[in-house]
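Colleague: Supplied structure: upload-v7.cif, mmCIF, C-alpha atoms.
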data_entry
#
loop_
_atom_site.group_PDB
_atom_site.id
_atom_site.type_symbol
_atom_site.label_atom_id
_atom_site.label_comp_id
_atom_site.auth_asym_id
_atom_site.auth_seq_id
_atom_site.Cartn_x
_atom_site.Cartn_y
_atom_site.Cartn_z
ATOM 1 C CA MET W 23 56.279 148.148 95.828
ATOM 2 C CA SER W 24 55.888 146.430 99.144
ATOM 3 C CA THR W 25 58.340 146.707 102.006
ATOM 4 C CA ARG W 26 59.106 143.009 101.757
ATOM 5 C CA GLN W 27 60.020 143.336 98.068
ATOM 6 C CA SER W 28 62.267 146.360 98.637
ATOM 7 C CA THR W 29 64.049 144.564 101.502
ATOM 8 C CA TRP W 30 64.660 141.597 99.224
ATOM 9 C CA ASP W 31 66.074 143.843 96.503
ATOM 10 C CA ALA W 32 68.367 145.553 99.025
ATOM 11 C CA ARG W 33 69.711 142.172 100.134
ATOM 12 C CA ARG W 34 70.287 141.027 96.574
ATOM 13 C CA ASN W 35 72.145 144.220 95.745
ATOM 14 C CA ALA W 36 74.349 144.091 98.828
ATOM 15 C CA ASP W 37 78.077 143.639 98.310
ATOM 16 C CA TYR W 38 78.079 140.386 100.257
ATOM 17 C CA TRP W 39 75.327 138.703 98.208
ATOM 18 C CA PRO W 40 76.917 135.562 96.666
ATOM 19 C CA GLY W 41 76.089 136.627 93.132
ATOM 20 C CA ASN W 42 77.871 139.946 93.642
ATOM 21 C CA VAL W 43 81.086 138.543 95.098
ATOM 22 C CA ARG W 44 84.015 138.424 92.685
ATOM 23 C CA VAL W 45 85.900 135.238 91.845
ATOM 24 C CA GLY W 46 88.976 136.282 93.814
ATOM 25 C CA ALA W 47 86.920 136.533 96.995
ATOM 26 C CA TRP W 48 85.562 133.000 96.477
ATOM 27 C CA ALA W 49 89.065 131.695 95.818
ATOM 28 C CA PHE W 50 90.300 133.393 99.002
ATOM 29 C CA LEU W 51 87.388 132.058 101.068
ATOM 30 C CA PHE W 52 87.707 128.456 99.843
ATOM 31 C CA HIS W 53 91.489 128.565 100.283
ATOM 32 C CA ARG W 54 91.074 129.638 103.915
ATOM 33 C CA ILE W 55 88.340 127.069 104.615
ATOM 34 C CA THR W 56 90.337 124.207 103.101
ATOM 35 C CA GLY W 57 93.454 125.359 104.951
ATOM 36 C CA LEU W 58 91.630 125.295 108.273
ATOM 37 C CA ALA W 59 90.107 121.905 107.444
ATOM 38 C CA LEU W 60 93.543 120.499 106.630
ATOM 39 C CA ILE W 61 94.998 121.798 109.898
ATOM 40 C CA PHE W 62 92.093 120.205 111.792
ATOM 41 C CA TYR W 63 92.651 116.935 109.905
ATOM 42 C CA LEU W 64 96.366 117.011 110.673
ATOM 43 C CA LEU W 65 95.650 117.332 114.397
ATOM 44 C CA LEU W 66 93.173 114.443 114.250
ATOM 45 C CA HIS W 67 95.672 112.388 112.266
ATOM 46 C CA VAL W 68 98.335 112.813 114.945
ATOM 47 C CA ILE W 69 95.839 111.781 117.637
ATOM 48 C CA VAL W 70 94.784 108.680 115.681
ATOM 49 C CA ILE W 71 98.335 107.638 114.893
ATOM 50 C CA SER W 72 99.288 108.085 118.546
ATOM 51 C CA SER W 73 96.657 105.476 119.445
ATOM 52 C CA VAL W 74 99.296 102.894 118.510
ATOM 53 C CA LEU W 75 100.989 103.802 121.804
ATOM 54 C CA MET W 76 98.040 102.214 123.631
ATOM 55 C CA GLY W 77 98.740 98.883 121.977
ATOM 56 C CA GLY W 78 98.161 97.129 118.698
ATOM 57 C CA GLY W 79 94.593 96.156 119.546
ATOM 58 C CA SER W 80 93.583 99.763 120.109
ATOM 59 C CA PHE W 81 95.143 100.829 116.828
ATOM 60 C CA ASP W 82 93.411 97.976 114.965
ATOM 61 C CA THR W 83 90.070 99.033 116.453
ATOM 62 C CA VAL W 84 90.615 102.624 115.359
ATOM 63 C CA MET W 85 91.660 101.536 111.866
ATOM 64 C CA SER W 86 88.617 99.278 111.473
ATOM 65 C CA THR W 87 86.431 102.249 112.411
ATOM 66 C CA LEU W 88 88.190 104.500 109.906
ATOM 67 C CA THR W 89 87.501 102.090 107.035
ATOM 68 C CA THR W 90 83.719 102.294 107.441
ATOM 69 C CA PRO W 91 81.722 103.886 104.584
ATOM 70 C CA PHE W 92 81.177 107.084 106.584
ATOM 71 C CA PHE W 93 84.899 107.683 106.992
ATOM 72 C CA LEU W 94 85.547 106.790 103.356
ATOM 73 C CA VAL W 95 83.205 109.638 102.394
ATOM 74 C CA VAL W 96 85.041 111.897 104.860
ATOM 75 C CA ASP W 97 88.274 110.888 103.123
ATOM 76 C CA LEU W 98 86.769 111.935 99.801
ATOM 77 C CA PHE W 99 86.073 115.390 101.206
ATOM 78 C CA LEU W 100 89.626 115.431 102.528
ATOM 79 C CA ALA W 101 90.862 114.668 99.012
ATOM 80 C CA LEU W 102 88.714 117.529 97.702
ATOM 81 C CA ALA W 103 90.270 119.925 100.211
ATOM 82 C CA VAL W 104 93.828 118.753 99.502
ATOM 83 C CA VAL W 105 93.507 119.024 95.726
ATOM 84 C CA TYR W 106 91.787 122.418 95.784
ATOM 85 C CA HIS W 107 94.154 123.878 98.382
ATOM 86 C CA GLY W 108 97.210 122.603 96.543
ATOM 87 C CA LEU W 109 96.124 123.768 93.092
ATOM 88 C CA ASN W 110 94.977 127.127 94.375
ATOM 89 C CA GLY W 111 98.306 127.499 96.177
ATOM 90 C CA ILE W 112 100.117 126.898 92.883
ATOM 91 C CA ARG W 113 97.818 129.495 91.274
ATOM 92 C CA LEU W 114 98.788 132.002 93.960
ATOM 93 C CA ILE W 115 102.498 131.297 93.494
ATOM 94 C CA LEU W 116 102.127 131.860 89.750
ATOM 95 C CA PHE W 117 100.450 135.201 90.383
ATOM 96 C CA ASP W 118 103.212 136.203 92.784
ATOM 97 C CA LEU W 119 105.671 135.439 89.994
ATOM 98 C CA GLY W 120 103.647 137.585 87.587
ATOM 99 C CA VAL W 121 102.280 134.723 85.470
ATOM 100 C CA ALA W 122 98.709 135.114 84.146
ATOM 101 C CA VAL W 123 97.901 137.999 86.478
ATOM 102 C CA THR W 124 95.322 139.373 84.056
ATOM 103 C CA ALA W 125 93.583 135.983 83.796
ATOM 104 C CA GLN W 126 92.987 135.276 87.479
ATOM 105 C CA ALA W 127 89.323 134.348 87.076
ATOM 106 C CA ALA W 128 90.026 131.979 84.188
ATOM 107 C CA VAL W 129 92.875 130.279 86.050
ATOM 108 C CA TRP W 130 90.667 129.869 89.126
ATOM 109 C CA TRP W 131 87.981 128.200 87.015
ATOM 110 C CA VAL W 132 90.651 125.831 85.662
ATOM 111 C CA VAL W 133 91.599 125.018 89.266
ATOM 112 C CA VAL W 134 87.929 124.354 90.070
ATOM 113 C CA ALA W 135 87.521 122.162 86.965
ATOM 114 C CA ILE W 136 90.613 120.066 87.739
ATOM 115 C CA THR W 137 89.511 119.747 91.370
ATOM 116 C CA ALA W 138 86.025 118.627 90.321
ATOM 117 C CA ALA W 139 87.379 116.133 87.791
ATOM 118 C CA SER W 140 89.784 114.627 90.313
ATOM 119 C CA TRP W 141 87.024 114.417 92.908
ATOM 120 C CA VAL W 142 84.756 112.569 90.479
ATOM 121 C CA TRP W 143 87.640 110.209 89.714
ATOM 122 C CA ALA W 144 88.149 109.642 93.465
ATOM 123 C CA TRP W 145 84.438 108.903 93.928
ATOM 124 C CA VAL W 146 84.540 106.366 91.088
ATOM 125 C CA ARG W 147 87.556 104.638 92.656
ATOM 126 C CA VAL W 148 86.167 104.623 96.226
ATOM 127 C CA TRP W 149 82.475 103.928 95.495
ATOM 128 C CA PRO W 150 82.870 100.118 95.375
ATOM 129 C CA HIS W 151 84.439 100.218 98.844
ATOM 130 C CA ILE W 152 81.618 102.406 100.163
ATOM 131 C CA VAL W 153 78.859 100.113 98.948
ATOM 132 C CA GLY W 154 80.830 96.987 99.857
ATOM 133 C CA LYS W 155 81.421 95.496 96.426
#
How does the structure come out when it is put into structure tokens?

Modeller:
Amino acid sequence: MSTRQSTWDARRNADYWPGNVRVGAWAFLFHRITGLALIFYLLLHVIVISSVLMGGGSFDTVMSTLTTPFFLVVDLFLALAVVYHGLNGIRLILFDLGVAVTAQAAVWWVVVAITAASWVWAWVRVWPHIVGK
């Protein structure tokens, strides 16, 4: 066995290799990432809304920029973060109450499935606005 092959095997068998990480760790990681993204969005939202203080023309310019296809796609990712973070938060509350504690992985996959389905629905609804139809 070559040194390169043994190094690769050691990496694959490491605890932090994505295939070796348990579902709860992924749920925790995505919950933290979406939480941070939502805080960042909230700060940006306050800054954008405060642009109305500079006059109506400034606000209209900002709003016309935010309705471009790029920002519509950003809004879709925002929707993904909101839905996942909210559903996973409900999952965590249920576990704190002792509901479905033994089925954490299954409940997380339900959260992921509902999030994916709602994101596909959002894409279908927003796609005509992105392509300009």

Colleague: Using CA of Ile61 (chain W) and CA of Ile152 (chain W) as the two end points, give the distance in Å to one decimal.

Modeller: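 Between these atoms lies a distance of 25.5 Å.
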
Colleague: Within 8 Å of region 45-54 of chain W, counting only C-alpha atoms, which residues qualify if same-chain residues fewer than 3 places away don't, as a list in words?

Modeller: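 Close residues of region 45-54 of chain W: Gly57, Leu58, Tyr106, His107, Asn110, Gln126, Ala127 and Trp130 of chain W.
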
Colleague: Which residues, named as in the file, does the PyMOL selection byres ((chain W and resi 133) around 10) pick out? Answer as a count of residues only.

Modeller: 22

Colleague: Mind checking which residues fall within 8 Å of Leu94 (chain W), counting all atoms listed in the file, ignoring those fewer than 5 positions away in the same chain, and posting them as a list of chain:residue names?

Modeller: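 Listed by chain and then number, they are W:Leu88, W:Thr89, W:Val148, W:Ile152.
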
Colleague: Please report the interatomic distance between CA of Ala101 (chain W) and CA of Leu60 (chain W) in Å with one decimal.

Modeller: 10.0 Å

Colleague: Would you mind completing region 85-108 of chain W so that it carries N, CA and C atoms, and writing it out as a short mmCIF file (atom, residue, chain, number, x, y, z; two decimals), in the coordinates of the input?

Modeller:
data_model
loop_
_atom_site.label_atom_id
_atom_site.label_comp_id
_atom_site.auth_asym_id
_atom_site.auth_seq_id
_atom_site.Cartn_x
_atom_site.Cartn_y
_atom_site.Cartn_z
N MET W 85 91.55 101.69 113.31
CA MET W 85 91.66 101.54 111.87
C MET W 85 90.43 100.86 111.28
N SER W 86 89.83 99.91 111.99
CA SER W 86 88.62 99.28 111.47
C SER W 86 87.46 100.28 111.46
N THR W 87 87.45 101.20 112.41
CA THR W 87 86.43 102.25 112.41
C THR W 87 86.64 103.21 111.24
N LEU W 88 87.89 103.52 110.96
CA LEU W 88 88.19 104.50 109.91
C LEU W 88 88.00 103.95 108.50
N THR W 89 87.76 102.65 108.36
CA THR W 89 87.50 102.09 107.04
C THR W 89 86.01 101.85 106.79
N THR W 90 85.16 102.39 107.66
CA THR W 90 83.72 102.29 107.44
C THR W 90 83.32 103.24 106.32
N PRO W 91 82.15 103.02 105.69
CA PRO W 91 81.72 103.89 104.58
C PRO W 91 81.65 105.37 104.96
N PHE W 92 81.25 105.68 106.18
CA PHE W 92 81.18 107.08 106.58
C PHE W 92 82.54 107.75 106.48
N PHE W 93 83.57 107.09 107.01
CA PHE W 93 84.90 107.68 106.99
C PHE W 93 85.52 107.66 105.60
N LEU W 94 85.09 106.75 104.74
CA LEU W 94 85.55 106.79 103.36
C LEU W 94 85.01 108.04 102.66
N VAL W 95 83.77 108.40 102.96
CA VAL W 95 83.20 109.64 102.39
C VAL W 95 83.94 110.85 102.97
N VAL W 96 84.26 110.81 104.25
CA VAL W 96 85.04 111.90 104.86
C VAL W 96 86.40 112.01 104.17
N ASP W 97 87.00 110.87 103.84
CA ASP W 97 88.27 110.89 103.12
C ASP W 97 88.14 111.51 101.74
N LEU W 98 87.00 111.31 101.11
CA LEU W 98 86.77 111.94 99.80
C LEU W 98 86.72 113.46 99.93
N PHE W 99 86.08 113.94 100.99
CA PHE W 99 86.07 115.39 101.21
C PHE W 99 87.47 115.90 101.56
N LEU W 100 88.24 115.07 102.25
CA LEU W 100 89.63 115.43 102.53
C LEU W 100 90.41 115.55 101.23
N ALA W 101 90.20 114.61 100.32
CA ALA W 101 90.86 114.67 99.01
C ALA W 101 90.46 115.93 98.26
N LEU W 102 89.19 116.29 98.34
CA LEU W 102 88.71 117.53 97.70
C LEU W 102 89.46 118.73 98.26
N ALA W 103 89.59 118.80 99.57
CA ALA W 103 90.27 119.92 100.21
C ALA W 103 91.75 119.96 99.83
N VAL W 104 92.40 118.80 99.82
CA VAL W 104 93.83 118.75 99.50
C VAL W 104 94.07 119.20 98.07
N VAL W 105 93.29 118.68 97.14
CA VAL W 105 93.51 119.02 95.73
C VAL W 105 93.22 120.50 95.49
N TYR W 106 92.09 121.00 96.00
CA TYR W 106 91.79 122.42 95.78
C TYR W 106 92.85 123.31 96.43
N HIS W 107 93.20 123.03 97.67
CA HIS W 107 94.15 123.88 98.38
C HIS W 107 95.52 123.86 97.68
N GLY W 108 95.94 122.71 97.24
CA GLY W 108 97.21 122.60 96.54
C GLY W 108 97.22 123.34 95.21
#
